[in-house]
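As provided, protein38.cif (mmCIF, C-alpha atoms and all ligand atoms) reads as follows.
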```cif
data_target
#
loop_
_atom_site.label_atom_id
_atom_site.label_comp_id
_atom_site.auth_asym_id
_atom_site.auth_seq_id
_atom_site.Cartn_x
_atom_site.Cartn_y
_atom_site.Cartn_z
CA MET A 15 17.55 -111.75 193.50
CA ASP A 16 14.18 -113.11 194.68
CA ALA A 17 13.63 -116.44 196.40
CA ALA A 18 12.45 -118.19 193.22
CA GLN A 19 15.59 -117.26 191.25
CA ALA A 20 17.94 -118.35 194.02
CA THR A 21 17.24 -122.08 193.83
CA LEU A 22 20.13 -123.08 191.58
CA SER A 23 22.88 -121.43 193.59
CA ALA A 24 23.22 -119.80 196.97
CA PRO A 25 23.52 -116.03 196.43
CA PRO A 26 24.72 -113.88 199.35
CA SER A 27 21.23 -112.49 199.96
CA VAL A 28 17.59 -112.99 198.91
CA VAL A 29 14.38 -110.99 199.28
CA CYS A 30 11.29 -112.79 200.57
CA GLN A 31 7.96 -111.08 201.27
CA GLY A 32 9.73 -107.75 200.78
CA GLU A 33 12.36 -108.42 203.46
CA ARG A 34 16.07 -109.06 202.96
CA PHE A 35 17.72 -112.23 204.24
CA ARG A 36 21.46 -112.97 204.13
CA LEU A 37 23.18 -116.28 203.53
CA TYR A 38 23.77 -117.95 206.89
CA LEU A 39 24.48 -121.68 206.30
CA ASP A 40 25.52 -122.59 202.77
CA GLU A 41 24.84 -125.89 201.01
CA THR A 42 28.22 -127.43 201.74
CA THR A 43 28.05 -126.53 205.42
CA LEU A 44 24.54 -128.01 205.66
CA GLN A 45 25.34 -131.22 203.81
CA GLU A 46 28.57 -131.87 205.74
CA ARG A 47 26.79 -131.49 209.06
CA ILE A 48 23.86 -133.65 207.90
CA GLY A 49 26.35 -136.34 206.86
CA ALA A 50 27.91 -136.24 210.33
CA LEU A 51 24.48 -136.51 211.98
CA GLY A 52 23.65 -139.48 209.72
CA ASP A 53 26.90 -141.22 210.64
CA GLN A 54 26.22 -140.71 214.33
CA ILE A 55 22.63 -141.98 214.09
CA SER A 56 23.72 -144.98 211.99
CA ALA A 57 26.33 -145.89 214.62
CA ASP A 58 23.84 -145.48 217.47
CA TYR A 59 21.19 -147.72 215.84
CA ARG A 60 23.43 -150.26 214.06
CA ASP A 61 22.84 -152.94 216.69
CA SER A 62 19.20 -152.11 217.35
CA GLU A 63 16.94 -155.20 217.22
CA SER A 64 14.57 -153.53 214.74
CA PRO A 65 15.09 -150.69 212.22
CA PRO A 66 14.26 -147.23 213.56
CA ILE A 67 11.39 -145.25 212.09
CA PHE A 68 11.97 -141.58 211.31
CA ILE A 69 8.98 -139.24 211.76
CA GLY A 70 9.51 -136.15 209.62
CA VAL A 71 7.53 -133.12 210.75
CA LEU A 72 5.81 -131.43 207.81
CA ASN A 73 6.10 -129.12 206.13
CA GLY A 74 9.41 -127.66 207.25
CA ALA A 75 11.42 -130.86 207.72
CA PHE A 76 10.68 -132.48 204.34
CA MET A 77 14.04 -131.55 202.79
CA PHE A 78 16.13 -132.31 205.87
CA THR A 79 14.35 -135.65 206.32
CA ALA A 80 15.09 -136.63 202.71
CA ASP A 81 18.76 -135.60 202.86
CA LEU A 82 19.34 -137.11 206.31
CA MET A 83 17.87 -140.46 205.26
CA ARG A 84 20.16 -140.59 202.24
CA THR A 85 23.19 -140.40 204.53
CA LEU A 86 22.15 -143.39 206.68
CA SER A 87 23.93 -146.73 206.36
CA ILE A 88 21.34 -148.72 208.35
CA ASP A 89 17.88 -150.05 207.56
CA CYS A 90 15.18 -147.54 208.45
CA GLU A 91 11.58 -146.51 207.78
CA VAL A 92 9.96 -143.11 207.41
CA ASP A 93 6.56 -141.58 208.06
CA PHE A 94 5.33 -138.00 208.42
CA TYR A 95 3.44 -135.94 210.97
CA LYS A 96 1.98 -132.59 209.99
CA LEU A 97 1.65 -129.68 212.36
CA SER A 98 0.65 -126.08 211.70
CA SER A 99 3.39 -123.59 210.87
CA TYR A 100 3.72 -119.89 211.71
CA GLY A 101 1.38 -118.93 208.87
CA GLU A 102 2.34 -115.43 207.76
CA ALA A 103 4.05 -114.52 211.04
CA LYS A 104 7.72 -114.50 212.10
CA VAL A 105 7.04 -115.29 215.74
CA SER A 106 5.61 -118.48 217.16
CA SER A 107 1.89 -118.35 217.99
CA GLY A 108 2.52 -120.88 220.74
CA VAL A 109 -0.49 -122.89 219.53
CA VAL A 110 0.31 -126.29 218.03
CA THR A 111 -2.33 -127.71 215.68
CA GLU A 112 -2.22 -131.25 214.31
CA LEU A 113 -3.00 -131.39 210.57
CA LYS A 114 -2.02 -135.01 209.75
CA HIS A 115 -1.68 -137.92 212.17
CA ILE A 116 1.11 -140.46 212.03
CA ASP A 117 -0.09 -143.49 210.05
CA ALA A 118 2.54 -146.01 211.17
CA GLU A 119 2.07 -148.16 214.28
CA LEU A 120 4.69 -146.83 216.74
CA GLN A 121 4.13 -149.15 219.69
CA GLY A 122 7.35 -151.04 220.41
CA ARG A 123 9.26 -149.16 217.68
CA HIS A 124 12.48 -147.17 217.88
CA VAL A 125 11.25 -143.71 216.89
CA ILE A 126 13.32 -140.69 215.83
CA VAL A 127 11.48 -137.38 215.33
CA VAL A 128 12.98 -135.19 212.59
CA GLU A 129 12.38 -131.42 212.93
CA ASP A 130 13.64 -128.49 210.89
CA ILE A 131 14.00 -126.12 213.82
CA VAL A 132 13.39 -125.99 217.56
CA ASP A 133 12.46 -122.39 218.37
CA THR A 134 10.31 -122.04 221.52
CA GLY A 135 10.39 -125.83 221.81
CA LEU A 136 6.59 -126.01 222.12
CA SER A 137 6.14 -128.05 218.92
CA MET A 138 8.86 -130.55 219.82
CA ARG A 139 7.47 -130.90 223.36
CA TYR A 140 3.99 -131.55 221.90
CA ILE A 141 5.28 -134.12 219.39
CA LEU A 142 7.37 -136.02 221.94
CA ASP A 143 4.47 -136.09 224.42
CA ARG A 144 2.04 -137.40 221.74
CA ILE A 145 4.45 -140.11 220.57
CA GLU A 146 5.34 -141.13 224.12
CA GLU A 147 1.64 -141.93 224.64
CA LEU A 148 1.93 -144.53 221.84
CA ASN A 149 4.47 -146.58 223.86
CA PRO A 150 7.48 -146.67 221.52
CA ALA A 151 10.44 -148.88 222.49
CA SER A 152 12.59 -145.74 222.41
CA LEU A 153 12.15 -142.12 221.41
CA LYS A 154 14.79 -139.64 220.25
CA ALA A 155 14.75 -136.38 218.35
CA VAL A 156 16.93 -134.75 215.73
CA THR A 157 16.68 -131.13 214.61
CA LEU A 158 18.67 -129.36 211.94
CA LEU A 159 18.50 -126.00 213.75
CA ARG A 160 17.89 -124.85 217.30
CA LYS A 161 17.53 -121.33 218.71
CA PRO A 162 18.67 -121.69 222.34
CA ALA A 163 17.77 -118.07 223.18
CA ALA A 164 14.13 -118.60 222.11
CA ALA A 165 13.42 -121.64 224.32
CA LYS A 166 10.20 -121.42 226.34
CA VAL A 167 10.05 -125.04 227.44
CA ASP A 168 12.73 -127.49 228.42
CA VAL A 169 12.98 -130.15 225.73
CA GLU A 170 15.84 -132.56 225.22
CA VAL A 171 16.96 -132.98 221.60
CA ASP A 172 19.40 -135.84 221.05
CA TYR A 173 20.94 -134.70 217.77
CA VAL A 174 21.30 -131.00 216.85
CA GLY A 175 22.70 -129.79 213.54
CA PHE A 176 23.38 -126.15 214.46
CA ASP A 177 22.59 -123.85 217.38
CA ILE A 178 21.76 -120.52 215.73
CA ASP A 179 21.08 -116.87 216.55
CA ASN A 180 17.58 -115.92 217.70
CA LEU A 181 16.52 -114.45 214.34
CA PHE A 182 14.02 -115.62 211.74
CA VAL A 183 15.51 -117.98 209.12
CA ILE A 184 14.24 -119.25 205.77
CA GLY A 185 15.25 -121.79 203.14
CA TYR A 186 15.98 -125.51 203.00
CA GLY A 187 12.38 -126.35 203.90
CA LEU A 188 11.76 -123.37 206.20
CA ASP A 189 9.21 -120.87 204.96
CA TYR A 190 8.08 -117.31 205.35
CA GLY A 191 4.37 -117.23 204.45
CA GLN A 192 4.87 -120.57 202.58
CA LEU A 193 7.61 -119.12 200.34
CA ALA A 194 11.36 -119.84 200.31
CA ARG A 195 11.16 -123.54 201.20
CA ASN A 196 12.91 -124.33 197.88
CA LEU A 197 16.12 -122.46 198.70
CA ARG A 198 19.10 -124.83 198.96
CA ALA A 199 20.73 -122.92 201.82
CA ILE A 200 19.59 -121.26 205.06
CA TYR A 201 19.14 -117.47 205.05
CA ILE A 202 18.72 -115.25 208.13
CA LEU A 203 16.77 -112.01 208.49
CA ASP A 204 19.11 -109.11 207.76
CA GLU A 205 18.36 -106.53 210.41
CA GLY A 206 21.06 -104.15 209.15
P1 LIG B 1 8.45 -123.85 218.04
O1 LIG B 1 7.22 -124.62 218.40
O2 LIG B 1 8.35 -122.40 218.49
O3 LIG B 1 9.73 -124.50 218.52
O4 LIG B 1 8.51 -123.73 216.47
C1 LIG B 1 8.56 -124.84 215.69
C2 LIG B 1 8.09 -124.57 214.28
O5 LIG B 1 7.97 -123.17 213.96
C3 LIG B 1 9.15 -125.10 213.33
O6 LIG B 1 8.92 -126.45 213.04
C4 LIG B 1 9.00 -124.21 212.14
O7 LIG B 1 8.00 -124.71 211.28
C5 LIG B 1 8.54 -122.89 212.70
N1 LIG B 1 9.69 -121.96 212.88
C6 LIG B 1 10.36 -121.69 214.03
N2 LIG B 1 11.35 -120.80 213.82
C7 LIG B 1 11.32 -120.52 212.51
C8 LIG B 1 12.12 -119.67 211.67
O8 LIG B 1 13.08 -118.97 212.08
N3 LIG B 1 11.79 -119.66 210.35
C9 LIG B 1 10.76 -120.38 209.82
N4 LIG B 1 9.98 -121.18 210.58
C10 LIG B 1 10.27 -121.26 211.90
#
```

structure tokens encoding of this file:
Amino acid sequence: MDAAQATLSAPPSVVCQGERFRLYLDETTLQERIGALGDQISADYRDSESPPIFIGVLNGAFMFTADLMRTLSIDCEVDFYKLSSYGEAKVSSGVVTELKHIDAELQGRHVIVVEDIVDTGLSMRYILDRIEELNPASLKAVTLLRKPAAAKVDVEVDYVGFDIDNLFVIGYGLDYGQLARNLRAIYILDEG
């Protein structure tokens, strides 16, 4: 089954760009964990003096940002920040390029960065450093996935959905050469 056909269910494997990926985190597993993250964030910000603003990092975090926000039981805002992705590659170039600035005024705001995945950590480090310069009242980060074995920089992430193996993953917003973002589940490169 190719990536386009796999959108309505989560088959055990898909082929993307000629490579096979196997089901790694199914829809139910993802949505249950996202619900738990939303509950935790809602509890942490319930008594905050102003609603937090979520900054979704495009393109990869668009689906996670949408689903996470729907689980929140507190007032909140959203804006987006766009950085470059891997392009056609499966390994991080290590170069972070800004493609769209954040439009919202973040000074004095409670800011929560929403990422799809923290791999080397370079993107998250860059984002947190840029936002810190804007003098937010507080700054936290949430990521759906993290690859601890790939870390190149030390970056603290407050809310982590899943720590995963150090292999390339696709689906649920994550792409391989811009394809596979529409998959409802996360698939991992099948090296077998
Ligand atoms: P980092 O800067 O190396 O931490 O990588 C961050 C960005 O690279 C993420 O926001 C993703 O867009 C992309 N990325 C990292 N790992 C993967 C992966 O396994 N699959 C697809 N994209 C990835």

Pick the closest to Leu86 (chain A) from A:Ser62, A:Thr43, A:Gly135, A:Ser56: which is it, counting only C-alpha atoms?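 Checking each of A:Ser62, A:Thr43, A:Gly135, A:Ser56 against Leu86 (chain A), counting only C-alpha atoms, the winner is A:Ser56.
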
Quick one: contact table of chain A to ligand LIG 1 (chain B), 7 Å max, nearest atom pair and distance in Å to one decimal per residue, counting all atoms listed in the file, chain and number order, as a tab-separated table?
```
residue	atom	partner	partner_atom	distance
A:Gly74	CA	B:LIG1	O7	5.2
A:Ser99	CA	B:LIG1	O7	4.8
A:Tyr100	CA	B:LIG1	C5	5.8
A:Lys104	CA	B:LIG1	N3	6.8
A:Ser106	CA	B:LIG1	O2	5.0
A:Gly108	CA	B:LIG1	O2	6.4
A:Glu129	CA	B:LIG1	O6	6.1
A:Asp130	CA	B:LIG1	O6	5.6
A:Ile131	CA	B:LIG1	C3	5.0
A:Val132	CA	B:LIG1	O3	4.1
A:Asp133	CA	B:LIG1	O3	3.5
A:Thr134	CA	B:LIG1	O2	3.6
A:Gly135	CA	B:LIG1	O3	3.6
A:Leu136	CA	B:LIG1	O1	4.0
A:Ser137	CA	B:LIG1	O1	3.6
A:Met138	CA	B:LIG1	O3	6.2
A:Leu181	CA	B:LIG1	O8	6.1
A:Phe182	CA	B:LIG1	O8	3.5
A:Val183	CA	B:LIG1	O8	4.0
A:Ile184	CA	B:LIG1	N3	5.2
A:Leu188	CA	B:LIG1	C9	4.8
A:Asp189	CA	B:LIG1	C9	5.1
A:Tyr190	CA	B:LIG1	C9	6.0
```

As an exercise, work out the distance from CA of Glu46 (chain A) to CA of Glu91 (chain A) in Å and give it to one decimal place.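 Straight-line distance from CA of Glu46 (chain A) to CA of Glu91 (chain A) works out to 22.5 Å.
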
Would you please work out which residue, of A:Leu97, A:Val127, A:Ala50, A:Leu113, is nearest to Thr79 (chain A) when using only C-alpha atoms?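 Nearest candidate to Thr79 (chain A) out of A:Leu97, A:Val127, A:Ala50, A:Leu113: A:Val127.
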
Closest of A:Gln31, A:Val128, A:Leu120, A:Phe76 to Leu193 (chain A), counting all atoms listed in the file, is A:Gln31

Rounded to one decimal in Å, what is the spacing between CA of Leu197 (chain A) and CA of Ile178 (chain A)?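 Straight-line distance from CA of Leu197 (chain A) to CA of Ile178 (chain A) works out to 18.0 Å.
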
Determine the nearest neighbour of Val174 (chain A) from the options A:Ala75, A:Val92, A:Leu142, A:Ile48, counting all atoms listed in the file.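 Among the listed residues, the smallest separation from Val174 (chain A) belongs to A:Ile48.
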
Atomic separation - CA of Val171 (chain A) relative to CA of Leu51 (chain A), Å: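 According to the coordinates, CA of Leu51 (chain A) and CA of Val171 (chain A) are separated by 12.7 Å.
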